[in-house]
>>> print(open('work05.cif').read())   # mmCIF, C-alpha atoms (C1' of nucleotides)
data_input
#
loop_
_atom_site.group_PDB
_atom_site.id
_atom_site.type_symbol
_atom_site.label_atom_id
_atom_site.label_comp_id
_atom_site.auth_asym_id
_atom_site.auth_seq_id
_atom_site.Cartn_x
_atom_site.Cartn_y
_atom_site.Cartn_z
ATOM 1 C CA MET A 1254 -47.140 37.964 76.106
ATOM 2 C CA SER A 1255 -48.700 38.686 72.811
ATOM 3 C CA ASN A 1256 -48.527 39.905 69.806
ATOM 4 C CA SER A 1257 -47.360 43.251 68.481
ATOM 5 C CA VAL A 1258 -49.417 43.368 65.330
ATOM 6 C CA PRO A 1259 -47.120 43.816 62.333
ATOM 7 C CA GLU A 1260 -47.005 47.027 60.382
ATOM 8 C CA ILE A 1261 -49.387 46.772 57.466
ATOM 9 C CA SER A 1262 -48.948 49.126 54.539
ATOM 10 C CA ASP A 1263 -51.905 50.720 52.778
ATOM 11 C CA ALA A 1264 -51.810 48.373 49.827
ATOM 12 C CA GLU A 1265 -51.438 45.385 52.097
ATOM 13 C CA PHE A 1266 -54.372 46.556 54.144
ATOM 14 C CA SER A 1267 -56.629 46.440 51.116
ATOM 15 C CA VAL A 1268 -55.732 42.813 50.615
ATOM 16 C CA LEU A 1269 -56.306 41.999 54.238
ATOM 17 C CA ASP A 1270 -59.631 43.769 54.089
ATOM 18 C CA VAL A 1271 -60.786 41.452 51.336
ATOM 19 C CA LEU A 1272 -59.795 38.476 53.439
ATOM 20 C CA TRP A 1273 -61.797 39.791 56.330
ATOM 21 C CA GLN A 1274 -64.855 39.777 54.106
ATOM 22 C CA GLN A 1275 -64.198 36.425 52.518
ATOM 23 C CA ASN A 1276 -62.251 33.877 54.436
ATOM 24 C CA PRO A 1277 -60.658 31.786 53.129
ATOM 25 C CA ALA A 1278 -60.049 33.033 49.623
ATOM 26 C CA SER A 1279 -57.782 32.061 46.765
ATOM 27 C CA ALA A 1280 -55.388 34.502 45.164
ATOM 28 C CA ASN A 1281 -57.755 34.701 42.231
ATOM 29 C CA ASP A 1282 -60.723 35.464 44.448
ATOM 30 C CA ILE A 1283 -58.782 38.255 46.019
ATOM 31 C CA ILE A 1284 -57.529 39.640 42.740
ATOM 32 C CA ALA A 1285 -61.042 39.638 41.324
ATOM 33 C CA LYS A 1286 -62.480 41.359 44.354
ATOM 34 C CA LEU A 1287 -59.769 43.990 44.444
ATOM 35 C CA ASN A 1288 -60.118 44.657 40.757
ATOM 36 C CA GLU A 1289 -63.667 45.806 41.339
ATOM 37 C CA THR A 1290 -62.146 48.945 42.758
ATOM 38 C CA LYS A 1291 -58.426 49.019 42.019
ATOM 39 C CA PRO A 1292 -56.472 48.652 38.811
ATOM 40 C CA TRP A 1293 -53.869 46.421 40.346
ATOM 41 C CA HIS A 1294 -51.974 43.899 38.323
ATOM 42 C CA GLU A 1295 -52.294 40.301 39.339
ATOM 43 C CA LYS A 1296 -48.573 40.178 40.075
ATOM 44 C CA THR A 1297 -48.887 43.107 42.411
ATOM 45 C CA VAL A 1298 -51.527 41.388 44.467
ATOM 46 C CA LYS A 1299 -49.430 38.217 44.650
ATOM 47 C CA THR A 1300 -46.542 40.272 45.962
ATOM 48 C CA LEU A 1301 -48.763 41.780 48.608
ATOM 49 C CA LEU A 1302 -49.998 38.340 49.618
ATOM 50 C CA ASN A 1303 -46.437 37.138 49.989
ATOM 51 C CA ARG A 1304 -45.511 40.104 52.090
ATOM 52 C CA LEU A 1305 -48.504 39.589 54.339
ATOM 53 C CA VAL A 1306 -47.540 35.956 54.789
ATOM 54 C CA LYS A 1307 -44.001 36.947 55.643
ATOM 55 C CA LYS A 1308 -45.339 39.413 58.198
ATOM 56 C CA GLN A 1309 -47.551 36.679 59.634
ATOM 57 C CA ALA A 1310 -50.625 38.742 59.016
ATOM 58 C CA ILE A 1311 -52.134 35.970 56.926
ATOM 59 C CA ASN A 1312 -51.929 32.265 56.448
ATOM 60 C CA TYR A 1313 -52.564 29.761 53.720
ATOM 61 C CA GLN A 1314 -53.219 26.125 53.168
ATOM 62 C CA LYS A 1315 -52.442 24.307 49.991
ATOM 63 C CA GLN A 1316 -55.489 23.502 47.997
ATOM 64 C CA GLN A 1317 -54.479 21.420 44.981
ATOM 65 C CA ARG A 1318 -52.111 23.681 43.039
ATOM 66 C CA SER A 1319 -53.211 26.943 44.561
ATOM 67 C CA TYR A 1320 -53.493 28.334 48.065
ATOM 68 C CA LEU A 1321 -56.365 29.393 50.224
ATOM 69 C CA TYR A 1322 -55.481 32.379 52.318
ATOM 70 C CA SER A 1323 -56.887 33.401 55.688
ATOM 71 C CA PRO A 1324 -56.253 36.348 57.953
ATOM 72 C CA LEU A 1325 -54.231 35.760 61.093
ATOM 73 C CA ILE A 1326 -54.973 39.068 62.702
ATOM 74 C CA GLU A 1327 -58.397 39.973 63.875
ATOM 75 C CA ARG A 1328 -60.191 42.801 62.171
ATOM 76 C CA GLU A 1329 -61.677 44.354 65.281
ATOM 77 C CA SER A 1330 -58.465 44.591 67.210
ATOM 78 C CA TYR A 1331 -56.570 45.862 64.221
ATOM 79 C CA LEU A 1332 -59.057 48.657 63.669
ATOM 80 C CA VAL A 1333 -59.044 49.636 67.297
ATOM 81 C CA LYS A 1334 -55.298 49.693 67.399
ATOM 82 C CA GLN A 1335 -55.068 51.891 64.322
ATOM 83 C CA SER A 1336 -57.694 54.248 65.658
ATOM 84 C CA LYS A 1337 -55.882 54.574 68.904
ATOM 85 C CA THR A 1338 -52.579 55.142 67.172
ATOM 86 C CA LEU A 1339 -54.032 57.996 65.154
ATOM 87 C CA VAL A 1340 -55.841 59.584 68.061
ATOM 88 C CA ASP A 1341 -52.693 59.398 70.133
ATOM 89 C CA LYS A 1342 -50.604 60.928 67.418
ATOM 90 C CA LEU A 1343 -52.929 63.677 66.275
ATOM 91 C CA PHE A 1344 -54.930 64.458 69.389
ATOM 92 C CA ARG A 1345 -52.756 63.261 72.261
ATOM 93 C CA GLY A 1346 -55.224 60.547 73.084
ATOM 94 C CA HIS A 1347 -58.385 62.644 73.155
ATOM 95 C CA LEU A 1348 -61.244 61.426 71.059
ATOM 96 C CA SER A 1349 -63.409 64.509 71.207
ATOM 97 C CA PRO A 1350 -61.407 66.819 68.948
ATOM 98 C CA LEU A 1351 -61.433 64.155 66.288
ATOM 99 C CA VAL A 1352 -65.170 63.833 66.466
ATOM 100 C CA THR A 1353 -65.644 67.579 66.536
ATOM 101 C CA GLY A 1354 -63.413 68.176 63.543
ATOM 102 C CA PHE A 1355 -64.995 65.340 61.707
ATOM 103 C CA ALA A 1356 -68.471 66.592 62.449
ATOM 104 C CA GLN A 1357 -67.710 70.046 61.104
ATOM 105 C CA GLN A 1358 -66.238 68.678 57.949
ATOM 106 C CA SER A 1359 -68.522 65.931 56.813
ATOM 107 C CA ARG A 1360 -71.991 65.754 58.090
ATOM 108 C CA LEU A 1361 -72.754 62.948 60.488
ATOM 109 C CA LYS A 1362 -75.244 60.288 59.564
ATOM 110 C CA LYS A 1363 -78.113 59.288 61.756
ATOM 111 C CA ASP A 1364 -76.470 56.037 62.725
ATOM 112 C CA ASP A 1365 -73.422 57.944 63.809
ATOM 113 C CA ILE A 1366 -75.577 60.018 66.101
ATOM 114 C CA ASP A 1367 -77.359 56.967 67.443
ATOM 115 C CA ALA A 1368 -74.043 55.327 68.170
ATOM 116 C CA LEU A 1369 -72.862 58.402 69.999
ATOM 117 C CA LYS A 1370 -76.021 58.486 72.079
ATOM 118 C CA SER A 1371 -75.620 54.903 73.047
ATOM 119 C CA ILE A 1372 -72.015 55.438 73.996
ATOM 120 C CA ILE A 1373 -73.021 58.327 76.204
ATOM 121 C CA ALA A 1374 -75.758 56.271 77.795
ATOM 122 C CA ASP A 1375 -73.297 53.526 78.621
ATOM 123 C CA TRP A 1376 -70.890 55.997 80.054
ATOM 124 C CA GLU A 1377 -73.547 57.583 82.280
ATOM 125 C CA LYS A 1378 -74.621 54.188 83.506
ATOM 126 C CA GLU A 1379 -71.052 53.171 84.315
ATOM 127 C CA LYS A 1380 -70.567 56.365 86.192
ATOM 128 C CA LYS A 1381 -73.592 55.614 88.319
ATOM 129 C CA ASP A 1382 -72.353 52.085 88.966
ATOM 130 C CA ASP A 1383 -69.029 53.215 90.299
ATOM 131 C CA MET B 109 -57.791 75.188 42.922
ATOM 132 C CA SER B 110 -56.052 74.233 46.073
ATOM 133 C CA ASN B 111 -53.904 72.409 47.654
ATOM 134 C CA SER B 112 -53.430 68.658 47.962
ATOM 135 C CA VAL B 113 -51.612 68.674 51.260
ATOM 136 C CA PRO B 114 -48.323 66.870 50.873
ATOM 137 C CA GLU B 115 -47.678 63.523 52.477
ATOM 138 C CA ILE B 116 -46.072 64.028 55.840
ATOM 139 C CA SER B 117 -44.225 61.140 57.433
ATOM 140 C CA ASP B 118 -44.450 60.388 61.135
ATOM 141 C CA ALA B 119 -41.083 61.888 61.945
ATOM 142 C CA GLU B 120 -41.848 64.936 59.840
ATOM 143 C CA PHE B 121 -45.154 65.344 61.609
ATOM 144 C CA SER B 122 -43.420 65.648 64.946
ATOM 145 C CA VAL B 123 -41.392 68.532 63.612
ATOM 146 C CA LEU B 124 -44.421 70.221 62.161
ATOM 147 C CA ASP B 125 -46.220 69.760 65.432
ATOM 148 C CA VAL B 126 -43.529 71.737 67.238
ATOM 149 C CA LEU B 127 -43.895 74.503 64.692
ATOM 150 C CA TRP B 128 -47.607 74.609 65.289
ATOM 151 C CA GLN B 129 -46.911 75.271 68.950
ATOM 152 C CA GLN B 130 -44.149 77.773 68.398
ATOM 153 C CA ASN B 131 -44.119 79.778 65.251
ATOM 154 C CA PRO B 132 -41.681 80.856 64.052
ATOM 155 C CA ALA B 133 -38.863 78.778 65.482
ATOM 156 C CA SER B 134 -35.213 78.269 64.741
ATOM 157 C CA ALA B 135 -33.749 74.858 64.050
ATOM 158 C CA ASN B 136 -32.246 74.930 67.512
ATOM 159 C CA ASP B 137 -35.558 75.760 69.136
ATOM 160 C CA ILE B 138 -37.096 72.839 67.350
ATOM 161 C CA ILE B 139 -34.282 70.470 68.186
ATOM 162 C CA ALA B 140 -34.452 71.444 71.840
ATOM 163 C CA LYS B 141 -38.204 71.017 71.995
ATOM 164 C CA LEU B 142 -38.111 67.664 70.248
ATOM 165 C CA ASN B 143 -35.339 66.428 72.469
ATOM 166 C CA GLU B 144 -37.629 66.769 75.454
ATOM 167 C CA THR B 145 -39.316 63.645 74.199
ATOM 168 C CA LYS B 146 -37.260 62.087 71.413
ATOM 169 C CA PRO B 147 -33.630 61.079 71.222
ATOM 170 C CA TRP B 148 -33.127 62.501 67.767
ATOM 171 C CA HIS B 149 -29.791 63.708 66.568
ATOM 172 C CA GLU B 150 -29.553 67.293 65.520
ATOM 173 C CA LYS B 151 -28.684 66.218 61.981
ATOM 174 C CA THR B 152 -31.799 64.147 61.814
ATOM 175 C CA VAL B 153 -33.995 67.078 62.677
ATOM 176 C CA LYS B 154 -32.236 69.222 60.075
ATOM 177 C CA THR B 155 -32.928 66.587 57.477
ATOM 178 C CA LEU B 156 -36.583 66.557 58.426
ATOM 179 C CA LEU B 157 -36.735 70.341 58.210
ATOM 180 C CA ASN B 158 -35.238 70.221 54.740
ATOM 181 C CA ARG B 159 -37.701 67.600 53.620
ATOM 182 C CA LEU B 160 -40.600 69.615 54.955
ATOM 183 C CA VAL B 161 -39.362 72.663 53.092
ATOM 184 C CA LYS B 162 -39.047 70.633 49.909
ATOM 185 C CA LYS B 163 -42.589 69.396 50.376
ATOM 186 C CA GLN B 164 -43.743 72.955 50.925
ATOM 187 C CA ALA B 165 -45.138 72.094 54.301
ATOM 188 C CA ILE B 166 -42.991 74.739 55.949
ATOM 189 C CA ASN B 167 -41.210 77.940 55.148
ATOM 190 C CA TYR B 168 -38.282 79.901 56.434
ATOM 191 C CA GLN B 169 -36.824 83.332 56.438
ATOM 192 C CA LYS B 170 -33.184 84.066 56.886
ATOM 193 C CA GLN B 171 -32.367 85.488 60.232
ATOM 194 C CA GLN B 172 -28.674 86.381 60.322
ATOM 195 C CA ARG B 173 -26.871 83.086 59.874
ATOM 196 C CA SER B 174 -29.762 80.824 60.784
ATOM 197 C CA TYR B 175 -33.322 80.408 59.636
ATOM 198 C CA LEU B 176 -36.671 80.908 61.272
ATOM 199 C CA TYR B 177 -39.143 78.290 60.182
ATOM 200 C CA SER B 178 -42.913 78.535 59.982
ATOM 201 C CA PRO B 179 -45.606 76.072 59.018
ATOM 202 C CA LEU B 180 -47.294 76.525 55.664
ATOM 203 C CA ILE B 181 -50.085 74.107 56.282
ATOM 204 C CA GLU B 182 -52.727 74.740 58.820
ATOM 205 C CA ARG B 183 -52.978 72.463 61.794
ATOM 206 C CA GLU B 184 -56.752 72.232 61.897
ATOM 207 C CA SER B 185 -57.197 71.252 58.295
ATOM 208 C CA TYR B 186 -54.357 68.819 58.422
ATOM 209 C CA LEU B 187 -55.847 67.032 61.407
ATOM 210 C CA VAL B 188 -59.267 66.894 59.842
ATOM 211 C CA LYS B 189 -57.867 65.526 56.628
ATOM 212 C CA GLN B 190 -55.927 62.811 58.401
ATOM 213 C CA SER B 191 -58.941 61.856 60.479
ATOM 214 C CA LYS B 192 -61.092 61.612 57.426
ATOM 215 C CA THR B 193 -58.501 59.578 55.589
ATOM 216 C CA LEU B 194 -58.358 57.064 58.399
ATOM 217 C CA VAL B 195 -62.088 56.848 58.867
ATOM 218 C CA ASP B 196 -62.530 56.362 55.135
ATOM 219 C CA LYS B 197 -59.925 53.670 55.011
ATOM 220 C CA LEU B 198 -60.840 51.726 58.115
ATOM 221 C CA PHE B 199 -64.560 52.347 58.456
ATOM 222 C CA ARG B 200 -65.701 53.278 54.976
ATOM 223 C CA GLY B 201 -66.453 56.802 56.084
ATOM 224 C CA HIS B 202 -68.495 55.981 59.163
ATOM 225 C CA LEU B 203 -67.432 57.629 62.351
ATOM 226 C CA SER B 204 -69.525 55.575 64.745
ATOM 227 C CA PRO B 205 -67.591 52.303 64.655
ATOM 228 C CA LEU B 206 -64.438 54.198 65.418
ATOM 229 C CA VAL B 207 -65.987 55.863 68.418
ATOM 230 C CA THR B 208 -67.537 52.629 69.590
ATOM 231 C CA GLY B 209 -64.321 50.671 69.303
ATOM 232 C CA PHE B 210 -62.412 53.419 70.927
ATOM 233 C CA ALA B 211 -64.882 53.673 73.775
ATOM 234 C CA GLN B 212 -64.646 49.978 74.521
ATOM 235 C CA GLN B 213 -60.919 50.046 74.522
ATOM 236 C CA SER B 214 -59.944 53.096 76.435
ATOM 237 C CA ARG B 215 -62.332 54.727 78.763
ATOM 238 C CA LEU B 216 -63.662 58.083 77.682
ATOM 239 C CA LYS B 217 -62.972 61.159 79.679
ATOM 240 C CA LYS B 218 -65.653 63.540 80.825
ATOM 241 C CA ASP B 219 -64.647 66.158 78.311
ATOM 242 C CA ASP B 220 -64.977 63.601 75.559
ATOM 243 C CA ILE B 221 -68.518 62.926 76.695
ATOM 244 C CA ASP B 222 -69.317 66.618 76.914
ATOM 245 C CA ALA B 223 -67.990 67.150 73.436
ATOM 246 C CA LEU B 224 -70.105 64.309 72.132
ATOM 247 C CA LYS B 225 -73.202 65.741 73.763
ATOM 248 C CA SER B 226 -72.596 69.092 72.213
ATOM 249 C CA ILE B 227 -72.094 67.540 68.807
ATOM 250 C CA ILE B 228 -75.372 65.703 69.146
ATOM 251 C CA ALA B 229 -77.124 68.860 70.226
ATOM 252 C CA ASP B 230 -75.842 70.674 67.163
ATOM 253 C CA TRP B 231 -76.927 67.859 64.936
ATOM 254 C CA GLU B 232 -80.438 67.817 66.386
ATOM 255 C CA LYS B 233 -80.725 71.535 65.908
ATOM 256 C CA GLU B 234 -79.565 71.366 62.312
ATOM 257 C CA LYS B 235 -82.055 68.642 61.630
ATOM 258 C CA LYS B 236 -84.811 70.858 62.921
ATOM 259 C CA ASP B 237 -83.580 73.750 60.799
ATOM 260 C CA ASP B 238 -83.756 71.791 57.560
ATOM 261 C "C1'" DA C 1322 -5.605 87.411 58.213
ATOM 262 C "C1'" DT C 1323 -6.260 82.924 59.764
ATOM 263 C "C1'" DA C 1324 -8.267 79.229 62.226
ATOM 264 C "C1'" DC C 1325 -12.266 77.508 64.459
ATOM 265 C "C1'" DA C 1326 -17.125 76.904 65.102
ATOM 266 C "C1'" DT C 1327 -21.670 76.647 63.473
ATOM 267 C "C1'" DA C 1328 -25.679 76.587 60.341
ATOM 268 C "C1'" DG C 1329 -27.406 74.897 56.372
ATOM 269 C "C1'" DA C 1330 -26.760 71.787 52.006
ATOM 270 C "C1'" DT C 1331 -25.533 67.596 50.155
ATOM 271 C "C1'" DT C 1332 -24.738 62.822 50.326
ATOM 272 C "C1'" DA C 1333 -25.372 58.144 52.433
ATOM 273 C "C1'" DC C 1334 -27.473 54.019 53.217
ATOM 274 C "C1'" DA C 1335 -30.547 50.281 54.716
ATOM 275 C "C1'" DA C 1336 -35.454 49.050 55.195
ATOM 276 C "C1'" DG C 1337 -40.059 49.447 53.578
ATOM 277 C "C1'" DT C 1338 -43.447 50.266 49.746
ATOM 278 C "C1'" DG C 1339 -45.724 50.387 45.242
ATOM 279 C "C1'" DT C 1340 -45.667 48.160 41.302
ATOM 280 C "C1'" DA C 1341 -44.605 44.704 38.674
ATOM 281 C "C1'" DA C 1342 -41.473 41.162 35.475
ATOM 282 C "C1'" DT C 1343 -38.956 37.009 35.462
ATOM 283 C "C1'" DT C 1344 -38.181 32.327 36.911
ATOM 284 C "C1'" DA C 1345 -39.232 27.922 38.708
ATOM 285 C "C1'" DT C 1346 -42.405 24.306 39.451
ATOM 286 C "C1'" DA C 1347 -46.031 21.246 39.038
ATOM 287 C "C1'" DA C 1348 -50.407 19.751 36.926
ATOM 288 C "C1'" DA C 1349 -52.819 18.852 32.678
ATOM 289 C "C1'" DG C 1350 -53.187 18.035 27.942
ATOM 290 C "C1'" DA C 1351 -51.187 16.333 23.475
ATOM 291 C "C1'" DT D 590 -43.360 11.521 27.943
ATOM 292 C "C1'" DC D 591 -43.039 16.207 26.367
ATOM 293 C "C1'" DT D 592 -45.145 20.619 26.152
ATOM 294 C "C1'" DT D 593 -48.053 24.085 27.633
ATOM 295 C "C1'" DT D 594 -49.966 26.611 31.287
ATOM 296 C "C1'" DA D 595 -51.183 28.086 35.820
ATOM 297 C "C1'" DT D 596 -49.347 29.172 40.385
ATOM 298 C "C1'" DA D 597 -46.232 30.500 43.438
ATOM 299 C "C1'" DA D 598 -41.359 32.164 44.452
ATOM 300 C "C1'" DT D 599 -37.768 35.153 43.430
ATOM 301 C "C1'" DT D 600 -35.939 39.257 41.667
ATOM 302 C "C1'" DA D 601 -36.296 44.189 40.194
ATOM 303 C "C1'" DC D 602 -36.342 48.922 40.692
ATOM 304 C "C1'" DA D 603 -37.443 53.625 41.909
ATOM 305 C "C1'" DC D 604 -39.233 56.319 45.752
ATOM 306 C "C1'" DT D 605 -39.876 57.249 50.659
ATOM 307 C "C1'" DT D 606 -38.408 57.164 55.339
ATOM 308 C "C1'" DG D 607 -35.489 56.965 59.439
ATOM 309 C "C1'" DT D 608 -31.334 58.147 60.782
ATOM 310 C "C1'" DA D 609 -27.471 60.324 60.318
ATOM 311 C "C1'" DA D 610 -22.318 61.854 58.444
ATOM 312 C "C1'" DT D 611 -19.819 64.803 55.545
ATOM 313 C "C1'" DC D 612 -19.167 69.027 52.999
ATOM 314 C "C1'" DT D 613 -19.430 73.978 52.437
ATOM 315 C "C1'" DA D 614 -19.959 78.632 53.500
ATOM 316 C "C1'" DT D 615 -19.921 82.228 56.708
ATOM 317 C "C1'" DG D 616 -19.507 84.490 61.182
ATOM 318 C "C1'" DT D 617 -16.243 84.808 65.391
ATOM 319 C "C1'" DA D 618 -12.191 84.731 68.100
ATOM 320 C "C1'" DT D 619 -7.204 85.236 68.095
#
>>> encode(input="work05.cif", output="structure tokens")
Amino acid sequence: MSNSVPEISDAEFSVLDVLWQQNPASANDIIAKLNETKPWHEKTVKTLLNRLVKKQAINYQKQQRSYLYSPLIERESYLVKQSKTLVDKLFRGHLSPLVTGFAQQSRLKKDDIDALKSIIADWEKEKKDD
Amino acid sequence: MSNSVPEISDAEFSVLDVLWQQNPASANDIIAKLNETKPWHEKTVKTLLNRLVKKQAINYQKQQRSYLYSPLIERESYLVKQSKTLVDKLFRGHLSPLVTGFAQQSRLKKDDIDALKSIIADWEKEKKDD
DNA sequence: ATACATAGATTACAAGTGTAATTATAAAGA
DNA sequence: TCTTTATAATTACACTTGTAATCTATGTAT
């Protein structure tokens, strides 16, 4: 079956990320949003949009003269896949060394800790249910 | 000051990873080790070694006719940097959504849970110490 | 001394990426 | 209708990457 998510480059990801926040969006919307943080030329963003279309990562529908773009790949599953890819590559599939290294480096926030607690709680419950 | 770790491609990383396990190592050592898991031609591995040298990610010293290579960048800090880069890019610096997504996807192992507990314990202690 | 083998150095080459400029096309205004 | 002007499509171009093949220099065997 499905879908073998296409490879998305870093620059392309930034464009996709805007579309995940604002869907659909015109090229100009996207350019404006990106330019809040990146000094990218309009033409550059158009190129990235075209490449994403070609990769079937996004979609568009004609709206008068211009297009309205939408993501075709789901944010959640993309993020999970990327996380897993990195953890597999760097830590042979083990999450804990990532968390440990990360925790030493940059201090965890309270919500990080809460999330970890809740994950542990779920895990303990599952274990009991087995 | 330091060091702005060079960009390491995926293929290059695999080579570096061997050197982190076995330091120093000859080209042939590395080729043999890599060929346990990857069908890479000898010439390919040599190319990767050269690129890593050029990037100053590794080093060598002449040993008779051949070289003995060693890593110049430290494994720990490289892994932490890559983790942070990904978490910044995908989750705007927050670790928890990564862990949550990861936990949903692929079941955590007991040692992952233990590591998480110990991280939480450390965090609680630190908080108290403030 | 000469030929072969072997390690490293150099070169190759297509695909992907960052970063646009140029061209074509269609709507809108003169 | 002709011209200007937005948009989108096509082309550009250098750098990186994956994946080697070829060249060169130096030990080794005859």
>>> residues_around(input="work05.cif", residues="stretch 1324-1339 of chain C", least_positions_apart="2", cutoff="8 Å", atoms="all atoms listed in the file", output="PDB file with C-alpha atoms (C1' of nucleotides), keeping the file's coordinate frame")
ATOM      1  CA  SER A1262     -48.948  49.126  54.539  1.00  0.00           C
ATOM      2  CA  ALA A1264     -51.810  48.373  49.827  1.00  0.00           C
TER       3      ALA A1264
ATOM      4  CA  ARG B 173     -26.871  83.086  59.874  1.00  0.00           C
ATOM      5  CA  SER B 174     -29.762  80.824  60.784  1.00  0.00           C
TER       6      SER B 174
ATOM      7  C1'  DT D 605     -39.876  57.249  50.659  1.00  0.00           C
ATOM      8  C1'  DA D 610     -22.318  61.854  58.444  1.00  0.00           C
ATOM      9  C1'  DT D 611     -19.819  64.803  55.545  1.00  0.00           C
ATOM     10  C1'  DC D 612     -19.167  69.027  52.999  1.00  0.00           C
ATOM     11  C1'  DT D 613     -19.430  73.978  52.437  1.00  0.00           C
ATOM     12  C1'  DT D 617     -16.243  84.808  65.391  1.00  0.00           C
TER      13       DT D 617
END
>>> interface_residues(input="work05.cif", of="chain B", to="chain D", cutoff="10 Å", atoms="only C-alpha atoms (C1' of nucleotides)", output="PyMOL selection string")
chain B and resi 117-120+148-153+155-156+172-173
>>> interface_residues(input="work05.cif", of="chain C", to="chain A", cutoff="12 Å", atoms="all atoms listed in the file", output="short mmCIF file (atom, residue, chain, number, x, y, z; two decimals) with C-alpha atoms (C1' of nucleotides), in the coordinates of the input")
data_model
loop_
_atom_site.label_atom_id
_atom_site.label_comp_id
_atom_site.auth_asym_id
_atom_site.auth_seq_id
_atom_site.Cartn_x
_atom_site.Cartn_y
_atom_site.Cartn_z
"C1'" DG C 1337 -40.06 49.45 53.58
"C1'" DT C 1338 -43.45 50.27 49.75
"C1'" DG C 1339 -45.72 50.39 45.24
"C1'" DT C 1340 -45.67 48.16 41.30
"C1'" DA C 1341 -44.60 44.70 38.67
"C1'" DA C 1342 -41.47 41.16 35.48
"C1'" DT C 1343 -38.96 37.01 35.46
"C1'" DT C 1346 -42.40 24.31 39.45
"C1'" DA C 1347 -46.03 21.25 39.04
"C1'" DA C 1348 -50.41 19.75 36.93
"C1'" DA C 1349 -52.82 18.85 32.68
#
>>> closest_residue(input="work05.cif", among="B:Asp220, B:Lys225, B:Glu232, B:Asn143", to="chain A", atoms="only C-alpha atoms")
B:Asp220
>>> interface_residues(input="work05.cif", of="chain B", to="chain A", cutoff="7 Å", atoms="only C-alpha atoms", output="list in words")
Leu187, Val188, Ser191, Lys192, Leu198, Leu203, Ser204, Leu206, Thr208, Gly209, Phe210, Asp220, Ile221, Ala223, Leu224, Ile227 and Ile228 of chain B
>>> atom_distance(input="work05.cif", atom1="atom CA of B:Leu124", atom2="atom CA of A:Ile1261")
24.4 Å
>>> build_atoms(input="work05.cif", residues="stretch 203-213 of chain B", atoms="N, CA, C and O atoms", output="PDB file, in the coordinates of the input")
ATOM      1  N   LEU B 203     -68.123  57.270  61.126  1.00  0.00           N
ATOM      2  CA  LEU B 203     -67.432  57.629  62.351  1.00  0.00           C
ATOM      3  C   LEU B 203     -67.793  56.704  63.508  1.00  0.00           C
ATOM      4  O   LEU B 203     -66.965  56.377  64.351  1.00  0.00           O
ATOM      5  N   SER B 204     -69.046  56.259  63.532  1.00  0.00           N
ATOM      6  CA  SER B 204     -69.525  55.575  64.745  1.00  0.00           C
ATOM      7  C   SER B 204     -68.715  54.335  65.130  1.00  0.00           C
ATOM      8  O   SER B 204     -68.410  54.162  66.311  1.00  0.00           O
ATOM      9  N   PRO B 205     -68.348  53.476  64.193  1.00  0.00           N
ATOM     10  CA  PRO B 205     -67.591  52.303  64.655  1.00  0.00           C
ATOM     11  C   PRO B 205     -66.248  52.676  65.266  1.00  0.00           C
ATOM     12  O   PRO B 205     -65.778  51.995  66.185  1.00  0.00           O
ATOM     13  N   LEU B 206     -65.683  53.761  64.794  1.00  0.00           N
ATOM     14  CA  LEU B 206     -64.438  54.198  65.418  1.00  0.00           C
ATOM     15  C   LEU B 206     -64.693  54.583  66.862  1.00  0.00           C
ATOM     16  O   LEU B 206     -64.009  54.138  67.782  1.00  0.00           O
ATOM     17  N   VAL B 207     -65.702  55.390  67.059  1.00  0.00           N
ATOM     18  CA  VAL B 207     -65.987  55.863  68.418  1.00  0.00           C
ATOM     19  C   VAL B 207     -66.348  54.693  69.319  1.00  0.00           C
ATOM     20  O   VAL B 207     -65.867  54.582  70.458  1.00  0.00           O
ATOM     21  N   THR B 208     -67.145  53.787  68.794  1.00  0.00           N
ATOM     22  CA  THR B 208     -67.537  52.629  69.590  1.00  0.00           C
ATOM     23  C   THR B 208     -66.325  51.797  69.995  1.00  0.00           C
ATOM     24  O   THR B 208     -66.129  51.464  71.167  1.00  0.00           O
ATOM     25  N   GLY B 209     -65.514  51.473  69.012  1.00  0.00           N
ATOM     26  CA  GLY B 209     -64.321  50.671  69.303  1.00  0.00           C
ATOM     27  C   GLY B 209     -63.420  51.375  70.281  1.00  0.00           C
ATOM     28  O   GLY B 209     -62.916  50.767  71.233  1.00  0.00           O
ATOM     29  N   PHE B 210     -63.281  52.637  70.068  1.00  0.00           N
ATOM     30  CA  PHE B 210     -62.412  53.419  70.927  1.00  0.00           C
ATOM     31  C   PHE B 210     -62.945  53.449  72.360  1.00  0.00           C
ATOM     32  O   PHE B 210     -62.192  53.305  73.320  1.00  0.00           O
ATOM     33  N   ALA B 211     -64.257  53.588  72.462  1.00  0.00           N
ATOM     34  CA  ALA B 211     -64.882  53.673  73.775  1.00  0.00           C
ATOM     35  C   ALA B 211     -64.727  52.368  74.548  1.00  0.00           C
ATOM     36  O   ALA B 211     -64.521  52.370  75.756  1.00  0.00           O
ATOM     37  N   GLN B 212     -64.806  51.259  73.838  1.00  0.00           N
ATOM     38  CA  GLN B 212     -64.646  49.978  74.521  1.00  0.00           C
ATOM     39  C   GLN B 212     -63.236  49.819  75.064  1.00  0.00           C
ATOM     40  O   GLN B 212     -63.011  49.302  76.139  1.00  0.00           O
ATOM     41  N   GLN B 213     -62.325  50.260  74.229  1.00  0.00           N
ATOM     42  CA  GLN B 213     -60.919  50.046  74.522  1.00  0.00           C
ATOM     43  C   GLN B 213     -60.436  50.920  75.676  1.00  0.00           C
ATOM     44  O   GLN B 213     -60.081  50.438  76.728  1.00  0.00           O
TER      45      GLN B 213
END
